[in-house]
Amino acid sequence: MNMSAQAQAYDHYKKASVETVSSEKLLIMLFDGAIRFLGNAEIAIDEKNIEHAHNQIVKTEDIIVELMSTLDMQYEISSSLYTLYEYMYRRLIEANIGKDRAIVGEVKSFLAQMRDTWAEAIEIIKTENKVSAPEAPVNPVPVAVPSKTIAYNAVGGAVKPAAGLNIKG
């Protein structure tokens, strides 16, 4: 197999793995990719590789746009997430214009915290689904992830994952 055929086979494998992954896993993969791209941008900025830094920041901006576009705006929490994503997007534009490593680090930190929060919420939902039969959520507040929505209960001002996934789409 020549190098081009190997590269083509790998590209097909990557495409198939993304198309068959669960929406929860895809959400985590998006955050992981954005965090990785911003880490690469930080290195590129340090090395004064302006073009590579630009490309890595733009890839992250594309991921943030994808996250924004999957939100179901009929829910208040989605509006809050949209505002946060919009802030990060604007900050990345600023970082890209000035090749500002501090701003890149700020956004990377936000994304890492969000990624960990989503991973924990997904794990809680999976655990609760295994332990008990899903109950109807009280005051559900769905938050869109690509192709699916995770339902949350508003409990005393706090947001708590509901017992299951509410599939939309």
# chains A, B, ... in the order shown; residues from 1 in each chain; ligands from 1
>>> residues_around(residues="A:Tyr85", least_positions_apart="4", cutoff="12 Å", atoms="only C-alpha atoms", output="ChimeraX atom specification")
/A:31,60-71,78-81,89-92,107,110-111,114
>>> atom_distance(atom1="atom CA of A:Ile103", atom2="atom CA of A:Ser23")
29.0 Å
>>> residues_around(residues="A:Gln56", least_positions_apart="4", cutoff="12 Å", atoms="only C-alpha atoms", output="JSON, numbers by chain")
{"A": [33, 34, 35, 36, 37, 38, 39, 40, 41, 42, 43, 44, 45, 49, 50, 51, 52, 60, 61, 62, 63, 92, 93, 95, 96, 99, 104]}
>>> write_last_selection(atoms="N, CA, C and O atoms", output="tab-separated table (two decimals), in the first residue's frame")
chain	number	residue	atom	x	y	z
A	33	GLY	N	-10.66	18.68	21.08
A	33	GLY	CA	-10.02	19.25	19.90
A	33	GLY	C	-9.73	20.73	20.08
A	33	GLY	O	-8.63	21.20	19.77
A	34	ALA	N	-10.69	21.48	20.59
A	34	ALA	CA	-10.50	22.91	20.80
A	34	ALA	C	-9.36	23.17	21.78
A	34	ALA	O	-8.51	24.05	21.55
A	35	ILE	N	-9.31	22.41	22.85
A	35	ILE	CA	-8.24	22.55	23.85
A	35	ILE	C	-6.88	22.22	23.22
A	35	ILE	O	-5.89	22.93	23.43
A	36	ARG	N	-6.84	21.15	22.43
A	36	ARG	CA	-5.60	20.76	21.76
A	36	ARG	C	-5.15	21.85	20.77
A	36	ARG	O	-3.97	22.23	20.75
A	37	PHE	N	-6.08	22.37	19.99
A	37	PHE	CA	-5.74	23.42	19.02
A	37	PHE	C	-5.20	24.66	19.72
A	37	PHE	O	-4.24	25.28	19.24
A	38	LEU	N	-5.80	25.02	20.85
A	38	LEU	CA	-5.31	26.20	21.56
A	38	LEU	C	-3.94	25.95	22.19
A	38	LEU	O	-3.11	26.86	22.26
A	39	GLY	N	-3.69	24.72	22.63
A	39	GLY	CA	-2.35	24.38	23.11
A	39	GLY	C	-1.33	24.51	21.99
A	39	GLY	O	-0.22	25.04	22.19
A	40	ASN	N	-1.71	24.05	20.79
A	40	ASN	CA	-0.84	24.19	19.62
A	40	ASN	C	-0.63	25.67	19.28
A	40	ASN	O	0.47	26.07	18.90
A	41	ALA	N	-1.68	26.47	19.42
A	41	ALA	CA	-1.57	27.91	19.15
A	41	ALA	C	-0.61	28.57	20.12
A	41	ALA	O	0.19	29.43	19.72
A	42	GLU	N	-0.68	28.18	21.39
A	42	GLU	CA	0.25	28.75	22.38
A	42	GLU	C	1.70	28.46	21.99
A	42	GLU	O	2.55	29.35	22.04
A	43	ILE	N	1.96	27.22	21.60
A	43	ILE	CA	3.31	26.84	21.18
A	43	ILE	C	3.73	27.63	19.95
A	43	ILE	O	4.84	28.16	19.87
A	44	ALA	N	2.82	27.74	18.98
A	44	ALA	CA	3.13	28.47	17.76
A	44	ALA	C	3.40	29.94	18.04
A	44	ALA	O	4.30	30.54	17.45
A	45	ILE	N	2.65	30.53	18.96
A	45	ILE	CA	2.89	31.93	19.34
A	45	ILE	C	4.28	32.06	19.96
A	45	ILE	O	5.04	32.98	19.63
A	49	ASN	N	5.50	31.43	15.08
A	49	ASN	CA	4.96	30.83	13.87
A	49	ASN	C	3.53	31.36	13.70
A	49	ASN	O	2.55	30.72	14.10
A	50	ILE	N	3.44	32.54	13.13
A	50	ILE	CA	2.18	33.29	13.05
A	50	ILE	C	1.11	32.53	12.27
A	50	ILE	O	-0.05	32.46	12.68
A	51	GLU	N	1.48	31.95	11.14
A	51	GLU	CA	0.49	31.25	10.31
A	51	GLU	C	-0.09	30.04	11.04
A	51	GLU	O	-1.31	29.83	11.02
A	52	HIS	N	0.76	29.26	11.69
A	52	HIS	CA	0.28	28.08	12.40
A	52	HIS	C	-0.61	28.49	13.58
A	52	HIS	O	-1.67	27.87	13.82
A	60	THR	N	-10.30	26.41	16.39
A	60	THR	CA	-11.04	26.50	17.65
A	60	THR	C	-12.28	27.36	17.49
A	60	THR	O	-13.35	27.02	18.01
A	61	GLU	N	-12.16	28.46	16.76
A	61	GLU	CA	-13.32	29.30	16.49
A	61	GLU	C	-14.41	28.49	15.78
A	61	GLU	O	-15.60	28.62	16.11
A	62	ASP	N	-14.01	27.65	14.84
A	62	ASP	CA	-14.98	26.82	14.12
A	62	ASP	C	-15.71	25.86	15.08
A	62	ASP	O	-16.92	25.64	14.95
A	63	ILE	N	-14.98	25.31	16.03
A	63	ILE	CA	-15.59	24.41	17.01
A	63	ILE	C	-16.59	25.19	17.88
A	63	ILE	O	-17.69	24.72	18.15
A	92	LEU	N	-11.08	34.98	21.13
A	92	LEU	CA	-10.18	34.32	20.19
A	92	LEU	C	-9.85	35.22	19.00
A	92	LEU	O	-8.73	35.20	18.49
A	93	ILE	N	-10.83	36.00	18.57
A	93	ILE	CA	-10.56	36.96	17.49
A	93	ILE	C	-9.49	37.95	17.97
A	93	ILE	O	-8.52	38.23	17.25
A	95	ALA	N	-7.28	37.45	20.33
A	95	ALA	CA	-6.02	36.71	20.47
A	95	ALA	C	-5.36	36.52	19.12
A	95	ALA	O	-4.13	36.64	19.00
A	96	ASN	N	-6.16	36.25	18.11
A	96	ASN	CA	-5.61	36.01	16.78
A	96	ASN	C	-5.04	37.29	16.18
A	96	ASN	O	-3.99	37.26	15.54
A	99	LYS	N	-1.97	37.91	18.37
A	99	LYS	CA	-1.22	36.71	18.73
A	99	LYS	C	-0.89	36.74	20.22
A	99	LYS	O	0.25	36.58	20.66
A	104	VAL	N	-5.35	33.34	24.63
A	104	VAL	CA	-5.49	31.94	24.22
A	104	VAL	C	-5.57	31.05	25.46
A	104	VAL	O	-6.43	30.17	25.55
